[in-house]
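Text of target-v3.pdb, listed as PDB, C-alpha atoms and all ligand atoms:
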```pdb
ATOM      1  CA  MET W  43      32.846 -16.942  -1.069
ATOM      2  CA  ILE W  44      30.603 -14.713  -3.153
ATOM      3  CA  CYS W  45      28.048 -12.432  -1.525
ATOM      4  CA  ILE W  46      25.035 -11.015  -3.356
ATOM      5  CA  LYS W  47      22.909  -8.336  -1.670
ATOM      6  CA  VAL W  48      19.357  -7.877  -2.979
ATOM      7  CA  PRO W  49      16.760  -5.299  -1.875
ATOM      8  CA  ALA W  50      13.127  -5.988  -1.035
ATOM      9  CA  THR W  51      10.588  -4.610  -3.462
ATOM     10  CA  THR W  52       7.057  -3.303  -3.366
ATOM     11  CA  ALA W  53       5.244  -4.102  -6.603
ATOM     12  CA  ASN W  54       2.215  -2.566  -8.316
ATOM     13  CA  LEU W  55       2.111   0.687  -6.295
ATOM     14  CA  GLY W  56      -1.670   0.658  -6.649
ATOM     15  CA  VAL W  57      -2.490   1.261 -10.296
ATOM     16  CA  GLY W  58       0.712  -0.227 -11.777
ATOM     17  CA  PHE W  59      -0.351  -3.869 -11.660
ATOM     18  CA  ASP W  60       2.443  -6.139 -12.972
ATOM     19  CA  CYS W  61       4.362  -3.200 -14.469
ATOM     20  CA  LEU W  62       5.546  -0.875 -11.673
ATOM     21  CA  GLY W  63       7.702  -1.592  -8.633
ATOM     22  CA  MET W  64      10.106   0.048  -6.242
ATOM     23  CA  ALA W  65      13.159  -1.274  -4.402
ATOM     24  CA  LEU W  66      13.227  -0.760  -0.616
ATOM     25  CA  ASP W  67      16.074  -0.571   1.873
ATOM     26  CA  ILE W  68      15.327  -3.963   3.442
ATOM     27  CA  TYR W  69      17.892  -6.521   2.298
ATOM     28  CA  SER W  70      18.701 -10.189   1.847
ATOM     29  CA  TYR W  71      22.281 -11.432   1.656
ATOM     30  CA  PHE W  72      23.138 -14.631  -0.218
ATOM     31  CA  TYR W  73      26.554 -16.266   0.212
ATOM     32  CA  PHE W  74      27.658 -18.732  -2.481
ATOM     33  CA  LYS W  75      30.588 -21.109  -2.428
ATOM     34  CA  PRO W  76      31.407 -24.096  -4.674
ATOM     35  CA  SER W  77      30.918 -27.284  -2.703
ATOM     36  CA  LYS W  78      31.034 -31.092  -3.080
ATOM     37  CA  SER W  79      27.308 -31.357  -2.441
ATOM     38  CA  LEU W  80      24.346 -28.977  -2.252
ATOM     39  CA  GLN W  81      24.152 -27.358   1.195
ATOM     40  CA  ILE W  82      21.608 -24.658   1.997
ATOM     41  CA  SER W  83      21.031 -22.845   5.279
ATOM     42  CA  GLY W  84      19.283 -19.714   6.509
ATOM     43  CA  CYS W  85      15.822 -20.582   5.203
ATOM     44  CA  PRO W  86      13.005 -22.913   6.335
ATOM     45  CA  THR W  87      13.969 -26.635   6.111
ATOM     46  CA  GLU W  88      11.425 -27.218   3.346
ATOM     47  CA  TYR W  89      13.568 -25.002   1.067
ATOM     48  CA  GLN W  90      16.927 -26.541   1.959
ATOM     49  CA  ASN W  91      17.014 -28.763  -1.133
ATOM     50  CA  GLU W  92      17.028 -28.703  -4.966
ATOM     51  CA  ASN W  93      13.654 -26.939  -4.953
ATOM     52  CA  ASN W  94      15.199 -23.838  -3.407
ATOM     53  CA  LEU W  95      14.396 -20.871  -5.658
ATOM     54  CA  VAL W  96      17.906 -19.386  -5.399
ATOM     55  CA  TYR W  97      19.392 -22.709  -6.418
ATOM     56  CA  GLN W  98      16.913 -23.161  -9.269
ATOM     57  CA  ALA W  99      17.675 -19.685 -10.609
ATOM     58  CA  TYR W 100      21.407 -20.413 -10.274
ATOM     59  CA  ILE W 101      20.966 -23.628 -12.319
ATOM     60  CA  GLU W 102      18.953 -21.818 -15.008
ATOM     61  CA  ALA W 103      21.509 -19.021 -15.285
ATOM     62  CA  MET W 104      24.465 -21.415 -15.450
ATOM     63  CA  THR W 105      22.673 -23.411 -18.143
ATOM     64  CA  GLU W 106      21.993 -20.217 -20.097
ATOM     65  CA  LEU W 107      25.677 -19.300 -19.778
ATOM     66  CA  GLY W 108      26.519 -22.708 -21.242
ATOM     67  CA  ILE W 109      28.244 -23.877 -18.059
ATOM     68  CA  LYS W 110      27.565 -27.174 -16.317
ATOM     69  CA  PRO W 111      26.325 -26.112 -12.853
ATOM     70  CA  SER W 112      28.295 -27.545  -9.954
ATOM     71  CA  PRO W 113      26.953 -28.016  -6.392
ATOM     72  CA  ILE W 114      27.084 -25.001  -4.095
ATOM     73  CA  LYS W 115      27.010 -24.102  -0.462
ATOM     74  CA  LEU W 116      24.393 -21.387  -0.067
ATOM     75  CA  VAL W 117      23.907 -19.366   3.109
ATOM     76  CA  ILE W 118      20.972 -16.945   3.262
ATOM     77  CA  LYS W 119      20.689 -14.046   5.697
ATOM     78  CA  SER W 120      17.465 -12.259   5.031
ATOM     79  CA  ASP W 121      15.568  -9.370   6.541
ATOM     80  CA  ILE W 122      12.874  -9.614   3.862
ATOM     81  CA  PRO W 123       9.870 -11.382   5.408
ATOM     82  CA  LEU W 124       8.558 -14.387   3.451
ATOM     83  CA  GLU W 125       5.194 -14.307   1.653
ATOM     84  CA  ARG W 126       4.355 -10.800   2.794
ATOM     85  CA  GLY W 127       4.319  -8.977  -0.569
ATOM     86  CA  LEU W 128       7.838  -7.563  -0.240
ATOM     87  CA  GLY W 129       9.546  -9.456  -3.043
ATOM     88  CA  SER W 130      11.248 -12.232  -1.065
ATOM     89  CA  SER W 131      10.939 -14.665  -3.978
ATOM     90  CA  SER W 132      12.234 -12.096  -6.477
ATOM     91  CA  ALA W 133      15.232 -11.504  -4.236
ATOM     92  CA  CYS W 134      15.946 -15.260  -4.402
ATOM     93  CA  VAL W 135      15.648 -15.307  -8.184
ATOM     94  CA  VAL W 136      17.870 -12.254  -8.662
ATOM     95  CA  ALA W 137      20.431 -13.660  -6.210
ATOM     96  CA  GLY W 138      20.528 -17.036  -7.968
ATOM     97  CA  VAL W 139      21.112 -15.431 -11.364
ATOM     98  CA  LEU W 140      23.745 -12.958 -10.130
ATOM     99  CA  GLY W 141      25.384 -15.680  -8.035
ATOM    100  CA  ALA W 142      25.753 -17.797 -11.175
ATOM    101  CA  TYR W 143      27.344 -14.925 -13.121
ATOM    102  CA  ALA W 144      29.761 -14.282 -10.240
ATOM    103  CA  LEU W 145      30.692 -17.961  -9.727
ATOM    104  CA  ALA W 146      31.200 -18.311 -13.478
ATOM    105  CA  GLY W 147      33.440 -15.228 -13.447
ATOM    106  CA  HIS W 148      31.182 -13.762 -16.111
ATOM    107  CA  PRO W 149      30.414 -10.007 -16.278
ATOM    108  CA  VAL W 150      26.715  -9.383 -15.617
ATOM    109  CA  ASN W 151      24.669  -8.733 -18.725
ATOM    110  CA  GLN W 152      21.882  -6.691 -17.120
ATOM    111  CA  GLU W 153      19.472  -7.155 -20.013
ATOM    112  CA  LYS W 154      19.878 -10.928 -20.159
ATOM    113  CA  ALA W 155      19.853 -11.250 -16.373
ATOM    114  CA  LEU W 156      16.589  -9.305 -16.173
ATOM    115  CA  ALA W 157      14.991 -11.320 -18.976
ATOM    116  CA  LEU W 158      15.913 -14.576 -17.223
ATOM    117  CA  CYS W 159      14.723 -13.342 -13.804
ATOM    118  CA  THR W 160      11.412 -12.302 -15.384
ATOM    119  CA  LYS W 161      11.032 -15.680 -17.091
ATOM    120  CA  ILE W 162      11.560 -17.469 -13.770
ATOM    121  CA  GLU W 163       9.401 -15.094 -11.696
ATOM    122  CA  GLY W 164       6.616 -14.780 -14.289
ATOM    123  CA  HIS W 165       6.307 -10.984 -14.209
ATOM    124  CA  PRO W 166       8.893  -8.181 -14.165
ATOM    125  CA  ASP W 167       7.573  -5.712 -11.598
ATOM    126  CA  ASN W 168       9.527  -7.103  -8.604
ATOM    127  CA  VAL W 169      12.668  -8.415 -10.292
ATOM    128  CA  ALA W 170      13.319  -5.220 -12.300
ATOM    129  CA  PRO W 171      13.621  -2.876  -9.267
ATOM    130  CA  ALA W 172      15.362  -5.630  -7.256
ATOM    131  CA  LEU W 173      18.019  -5.798  -9.959
ATOM    132  CA  ILE W 174      18.431  -2.122 -10.834
ATOM    133  CA  GLY W 175      17.026  -0.257  -7.809
ATOM    134  CA  GLY W 176      14.640   2.699  -7.566
ATOM    135  CA  LEU W 177      11.140   3.098  -8.967
ATOM    136  CA  VAL W 178      10.980   1.062 -12.162
ATOM    137  CA  ALA W 179       8.349   0.540 -14.847
ATOM    138  CA  SER W 180       8.643  -2.525 -17.035
ATOM    139  CA  TYR W 181       6.990  -3.769 -20.164
ATOM    140  CA  GLN W 182       7.528  -7.150 -21.790
ATOM    141  CA  GLY W 183       7.612  -6.516 -25.540
ATOM    142  CA  ASP W 184       7.582  -9.257 -28.179
ATOM    143  CA  GLN W 185      11.366  -9.602 -28.045
ATOM    144  CA  ILE W 186      12.631  -7.071 -25.545
ATOM    145  CA  LEU W 187      11.843  -6.393 -21.904
ATOM    146  CA  TYR W 188      11.731  -2.623 -21.572
ATOM    147  CA  THR W 189      12.458  -0.910 -18.264
ATOM    148  CA  SER W 190      12.327   2.728 -17.326
ATOM    149  CA  ARG W 191      13.442   4.191 -14.034
ATOM    150  CA  PHE W 192      11.570   7.191 -12.663
ATOM    151  CA  PRO W 193      13.213   9.676 -10.296
ATOM    152  CA  LEU W 194      11.101   9.710  -7.133
ATOM    153  CA  HIS W 195      10.368  13.113  -5.658
ATOM    154  CA  SER W 196      12.296  13.623  -2.433
ATOM    155  CA  SER W 197       9.219  14.834  -0.515
ATOM    156  CA  TYR W 198       7.753  11.331  -0.303
ATOM    157  CA  LYS W 199       8.143   9.158   2.778
ATOM    158  CA  PHE W 200       7.293   5.459   2.773
ATOM    159  CA  LEU W 201       6.020   3.137   5.467
ATOM    160  CA  VAL W 202       5.365  -0.572   5.327
ATOM    161  CA  LEU W 203       2.704  -2.129   7.533
ATOM    162  CA  ILE W 204       3.523  -5.806   7.925
ATOM    163  CA  PRO W 205       1.025  -8.222   9.523
ATOM    164  CA  ASP W 206       1.710 -11.493  11.319
ATOM    165  CA  PHE W 207      -0.013 -13.575   8.604
ATOM    166  CA  ARG W 208       1.113 -14.542   5.113
ATOM    167  CA  THR W 209      -0.584 -14.739   1.738
ATOM    168  CA  SER W 210       0.469 -16.739  -1.282
ATOM    169  CA  THR W 211       0.935 -14.822  -4.531
ATOM    170  CA  GLU W 212      -0.465 -17.817  -6.392
ATOM    171  CA  ILE W 213      -3.739 -17.653  -4.473
ATOM    172  CA  ALA W 214      -3.827 -13.846  -4.706
ATOM    173  CA  ARG W 215      -3.477 -14.139  -8.497
ATOM    174  CA  GLU W 216      -6.173 -16.820  -8.712
ATOM    175  CA  LEU W 217      -8.624 -14.373  -7.178
ATOM    176  CA  LEU W 218      -8.283 -11.981 -10.103
ATOM    177  CA  PRO W 219     -11.102 -12.015 -12.661
ATOM    178  CA  GLU W 220     -10.422 -13.324 -16.171
ATOM    179  CA  LYS W 221     -12.133 -10.307 -17.706
ATOM    180  CA  ILE W 222     -12.386  -6.771 -16.455
ATOM    181  CA  ASP W 223     -14.840  -4.005 -17.031
ATOM    182  CA  PHE W 224     -13.854  -1.569 -19.810
ATOM    183  CA  THR W 225     -14.376   1.437 -17.544
ATOM    184  CA  ASP W 226     -12.069  -0.113 -14.901
ATOM    185  CA  ALA W 227      -9.349  -0.552 -17.542
ATOM    186  CA  VAL W 228      -9.713   3.061 -18.659
ATOM    187  CA  SER W 229      -9.683   4.243 -15.042
ATOM    188  CA  ASN W 230      -6.464   2.355 -14.247
ATOM    189  CA  GLN W 231      -4.549   3.337 -17.362
ATOM    190  CA  SER W 232      -5.495   7.014 -16.976
ATOM    191  CA  LYS W 233      -4.514   7.017 -13.308
ATOM    192  CA  LEU W 234      -1.205   5.263 -13.987
ATOM    193  CA  LEU W 235      -0.117   8.061 -16.332
ATOM    194  CA  PHE W 236      -0.723  10.587 -13.574
ATOM    195  CA  ALA W 237       0.615   8.351 -10.787
ATOM    196  CA  THR W 238       4.090   8.365 -12.349
ATOM    197  CA  GLN W 239       3.803  12.124 -12.789
ATOM    198  CA  ALA W 240       2.750  12.597  -9.146
ATOM    199  CA  LEU W 241       5.527  10.317  -7.873
ATOM    200  CA  THR W 242       8.168  12.274  -9.775
ATOM    201  CA  SER W 243       6.794  15.804  -9.341
ATOM    202  CA  GLY W 244       5.891  15.610  -5.650
ATOM    203  CA  ASP W 245       2.255  16.522  -6.303
ATOM    204  CA  GLY W 246       0.788  14.825  -3.210
ATOM    205  CA  PRO W 247      -2.880  15.738  -3.774
ATOM    206  CA  LEU W 248      -2.643  14.310  -7.320
ATOM    207  CA  LEU W 249      -1.027  11.140  -5.941
ATOM    208  CA  GLN W 250      -3.839  10.786  -3.426
ATOM    209  CA  GLU W 251      -6.395  11.104  -6.215
ATOM    210  CA  VAL W 252      -4.914   8.608  -8.673
ATOM    211  CA  MET W 253      -3.615   5.677  -6.631
ATOM    212  CA  THR W 254      -6.939   3.861  -6.213
ATOM    213  CA  ASP W 255      -6.705   0.643  -8.182
ATOM    214  CA  LYS W 256      -9.559  -1.276  -9.764
ATOM    215  CA  LEU W 257      -7.727  -4.245 -11.298
ATOM    216  CA  HIS W 258      -6.397  -6.223  -8.332
ATOM    217  CA  GLU W 259      -6.749  -4.575  -4.917
ATOM    218  CA  PRO W 260     -10.564  -4.909  -4.643
ATOM    219  CA  TYR W 261     -10.296  -8.680  -5.260
ATOM    220  CA  ARG W 262      -7.359  -9.299  -2.966
ATOM    221  CA  LYS W 263      -8.386  -7.324   0.083
ATOM    222  CA  GLN W 264     -10.461 -10.307   1.279
ATOM    223  CA  LEU W 265      -7.133 -12.057   2.026
ATOM    224  CA  ILE W 266      -5.891  -9.178   4.160
ATOM    225  CA  HIS W 267      -7.522  -9.247   7.584
ATOM    226  CA  GLU W 268      -8.186  -5.783   9.061
ATOM    227  CA  VAL W 269      -7.038  -4.051   5.866
ATOM    228  CA  ASN W 270      -9.629  -1.265   6.076
ATOM    229  CA  ILE W 271      -8.989  -0.413   9.698
ATOM    230  CA  VAL W 272      -5.186  -0.422   9.247
ATOM    231  CA  SER W 273      -5.541   1.711   6.159
ATOM    232  CA  ASP W 274      -7.864   4.195   7.913
ATOM    233  CA  LEU W 275      -5.565   4.489  10.955
ATOM    234  CA  THR W 276      -2.565   5.106   8.697
ATOM    235  CA  LYS W 277      -4.398   7.751   6.692
ATOM    236  CA  GLN W 278      -5.553   9.417   9.922
ATOM    237  CA  ALA W 279      -1.895   9.468  10.985
ATOM    238  CA  GLY W 280      -1.067  11.460   7.837
ATOM    239  CA  ALA W 281      -0.590   9.055   4.900
ATOM    240  CA  LEU W 282      -1.734  10.293   1.503
ATOM    241  CA  THR W 283      -2.494   6.798   0.301
ATOM    242  CA  VAL W 284      -2.247   3.193   1.518
ATOM    243  CA  LEU W 285      -1.690   0.461  -1.078
ATOM    244  CA  VAL W 286      -1.429  -3.311  -1.138
ATOM    245  CA  SER W 287       2.285  -4.104  -1.505
ATOM    246  CA  GLY W 288       2.644  -6.630  -4.338
ATOM    247  CA  SER W 289       0.020  -9.294  -3.798
ATOM    248  CA  GLY W 290      -0.157  -8.449  -0.072
ATOM    249  CA  PRO W 291      -0.652  -8.754   2.820
ATOM    250  CA  THR W 292       1.835  -5.955   3.603
ATOM    251  CA  LEU W 293       0.484  -2.465   3.001
ATOM    252  CA  LEU W 294       2.592   0.396   1.650
ATOM    253  CA  ALA W 295       1.790   3.894   2.853
ATOM    254  CA  ILE W 296       3.017   7.024   1.090
ATOM    255  CA  ALA W 297       3.129  10.310   2.961
ATOM    256  CA  GLN W 298       4.597  13.771   2.707
ATOM    257  CA  GLU W 299       4.085  14.877   6.266
ATOM    258  CA  LYS W 300       5.956  13.189   9.108
ATOM    259  CA  ILE W 301       4.002  10.295  10.600
ATOM    260  CA  ASP W 302       4.337   9.470  14.295
ATOM    261  CA  ILE W 303       5.230   5.800  13.863
ATOM    262  CA  ASP W 304       5.333   5.002  17.588
ATOM    263  CA  SER W 305       1.833   6.307  18.078
ATOM    264  CA  LEU W 306       0.583   4.438  14.982
ATOM    265  CA  ASN W 307       2.212   1.228  16.242
ATOM    266  CA  ASP W 308       0.474   1.750  19.613
ATOM    267  CA  GLN W 309      -2.858   1.954  17.820
ATOM    268  CA  LEU W 310      -2.062  -1.132  15.729
ATOM    269  CA  LYS W 311      -1.385  -3.084  18.934
ATOM    270  CA  GLU W 312      -5.104  -2.860  19.715
ATOM    271  CA  LEU W 313      -5.966  -4.979  16.662
ATOM    272  CA  LYS W 314      -6.566  -8.716  16.570
ATOM    273  CA  HIS W 315      -3.598  -9.415  14.300
ATOM    274  CA  GLN W 316      -0.125  -8.188  15.003
ATOM    275  CA  TRP W 317       0.697  -5.364  12.617
ATOM    276  CA  LYS W 318       4.017  -3.513  12.714
ATOM    277  CA  CYS W 319       4.732  -0.297  10.915
ATOM    278  CA  TYR W 320       8.278   0.575   9.746
ATOM    279  CA  LYS W 321       9.721   3.542   7.927
ATOM    280  CA  VAL W 322      11.490   2.499   4.721
ATOM    281  CA  ASN W 323      13.328   4.307   1.951
ATOM    282  CA  SER W 324      13.635   3.583  -1.717
ATOM    283  CA  ASP W 325      16.851   1.677  -2.471
ATOM    284  CA  LEU W 326      18.566   3.223  -5.479
ATOM    285  CA  GLU W 327      21.374   0.744  -5.931
ATOM    286  CA  GLY W 328      19.592  -2.516  -6.685
ATOM    287  CA  ALA W 329      21.287  -5.880  -6.346
ATOM    288  CA  THR W 330      25.042  -5.748  -5.837
ATOM    289  CA  GLN W 331      27.948  -8.036  -5.188
ATOM    290  CA  CYS W 332      29.033  -7.335  -1.609
TER
HETATM  291  N1  LIG E   1       2.485  -7.951  -9.677
HETATM  292  C1  LIG E   1       2.491  -9.136  -8.870
HETATM  293  C2  LIG E   1       1.087  -9.376  -8.350
HETATM  294  C3  LIG E   1       3.415  -8.902  -7.712
HETATM  295  O1  LIG E   1       0.467  -8.421  -7.922
HETATM  296  O2  LIG E   1       0.622 -10.515  -8.398
HETATM  297  C4  LIG E   1       3.481 -10.063  -6.753
HETATM  298  O3  LIG E   1       4.462 -10.948  -7.099
END
```
As structure tokens - that is how I would like this structure written.
Ligand code: HSE
Amino acid sequence: MICIKVPATTANLGVGFDCLGMALDIYSYFYFKPSKSLQISGCPTEYQNENNLVYQAYIEAMTELGIKPSPIKLVIKSDIPLERGLGSSSACVVAGVLGAYALAGHPVNQEKALALCTKIEGHPDNVAPALIGGLVASYQGDQILYTSRFPLHSSYKFLVLIPDFRTSTEIARELLPEKIDFTDAVSNQSKLLFATQALTSGDGPLLQEVMTDKLHEPYRKQLIHEVNIVSDLTKQAGALTVLVSGSGPTLLAIAQEKIDIDSLNDQLKELKHQWKCYKVNSDLEGATQC
């Protein structure tokens, strides 16, 4: 039996649309075993078949390794909520690829694994931190996928605010405009330069100033019920900034002062939807064989 542990991820971090992401200490565990027929458990019934993303990634990776894929027994134990903007699908993709390497007895080629995960997922900002851990920037060049890991300043604390409803990344991407205003592009690229600086230097006021995105958040907030009230309550509780995690609906809050989570959760209970706030840390290890 092979076990692959993959962290959740929060992509975009405001102004880093499709190029910045961070691994979180919420995990999924994927257990692989060769089997006579495909058997999948630990996920909704609709995914217990050949269309399962872990299985599809496993097939792709085996094919790339030049090995005929054999059926597997796959057991999933996941704490990463589905369709909440916390990288559950990236975790599946990364697990499938690493599971294939492990079952093939092949040492992991990080560069090739990341390129394949990105090809399957469509963008690198979740799979890169899920694979290598930490706060990671990625850029798909003509031939090479570049990644760079930034050391997060230790003063930052992270909270996720997870609602009881889901959003689909596909729909959240369809809402984005085909063209954007030149001034919005300049605003985002300027802020991103300083966002990475603020995240690494611990300059909280700078972080607060530069995390407001103009490329995706304004278009997607319509899918996130009560986003403004949850964001305001979290800021009043001490957060420097509150961002849409990936394509939502989870929100990521970044703070430097200690936030009273119990009191914030009490306030969230008054809302129409069920929101829960949790403290999370950045995972620095990335996906591992366990
Ligand atoms: N960067 C992606 C998006 C992350 O915002 O659509 C979600 O998969």
Interatomic distance (Å, one decimal) between CA of Pro76 in chain W and CA of Leu158 in chain W: 22.1 Å
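Across the chains present, the PyMOL selection byres (((not hetatm)) within 6 of (chain E and resi 1)) applied to this file returns Ala53, Asn54, Phe59, Asp60, Asp167, Thr211, Arg215, Gly288 and Ser289 of chain W.
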List every residue of range 169-218 of chain W that has an atom at most 12 Å from any atom of range 274-283 of chain W, and for each one report the closest atom pair and its distance in Å to one decimal, counting all atoms listed in the file, with rows sorted by chain and then by increasing residue number, as CSV.
```
residue,atom,partner,partner_atom,distance
W:Tyr198,CA,W:Leu282,CA,9.7
W:Lys199,CA,W:Ala281,CA,9.0
W:Phe200,CA,W:Ala281,CA,8.9
W:Leu201,CA,W:Ala281,CA,8.9
W:Val202,CA,W:Thr276,CA,10.3
W:Leu203,CA,W:Thr276,CA,9.0
```
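Using the PyMOL selection byres (((chain W and resi 208) around 10) and not hetatm) on the file at hand returns these residues: Pro123, Leu124, Glu125, Arg126, Gly127, Ile204, Pro205, Asp206, Phe207, Thr209, Ser210, Thr211, Leu265, Ile266, Gly290, Pro291 and Thr292 of chain W.
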Neighbour residues at most 10 Å from (17.7, -21.9, -4.9) (only C-alpha atoms) as a list in words: Ile82, Tyr89, Gln90, Asn91, Glu92, Asn93, Asn94, Leu95, Val96, Tyr97, Gln98, Ala99, Tyr100, Ile101, Ile114, Leu116, Ser131, Cys134, Val135, Ala137, Gly138 and Val139 of chain W
Chain and number of each residue from the PyMOL selection byres (((chain W and resi 168) around 6) and not hetatm), as a tab-separated table (two decimals) with C-alpha atoms, in the coordinates of the input:
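Result file result_15.tsv:
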```
chain	number	residue	atom	x	y	z
W	51	THR	CA	10.59	-4.61	-3.46
W	53	ALA	CA	5.24	-4.10	-6.60
W	63	GLY	CA	7.70	-1.59	-8.63
W	166	PRO	CA	8.89	-8.18	-14.16
W	167	ASP	CA	7.57	-5.71	-11.60
W	169	VAL	CA	12.67	-8.41	-10.29
W	170	ALA	CA	13.32	-5.22	-12.30
W	171	PRO	CA	13.62	-2.88	-9.27
```
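Restricting the calculation to all atoms listed in the file, the smallest distance between Ser190 in chain W and any of W:Ala142, W:Ser229, W:Ile44, W:Met64 is found for W:Met64.
The list of residues with at least one atom within 9 Å of range 305-312 of chain W, based on all atoms listed in the file and without residues fewer than 4 positions apart in the same chain, reads W:Val272, W:Leu275, W:Thr276, W:Ala279, W:Ile301, W:Gln316, W:Trp317, W:Lys318, W:Cys319, W:Tyr320.
Distances to Lys78 in chain W were evaluated for W:Gln231, W:Glu106, W:Pro111, W:Thr189 using only C-alpha atoms, and the minimum falls at W:Pro111.
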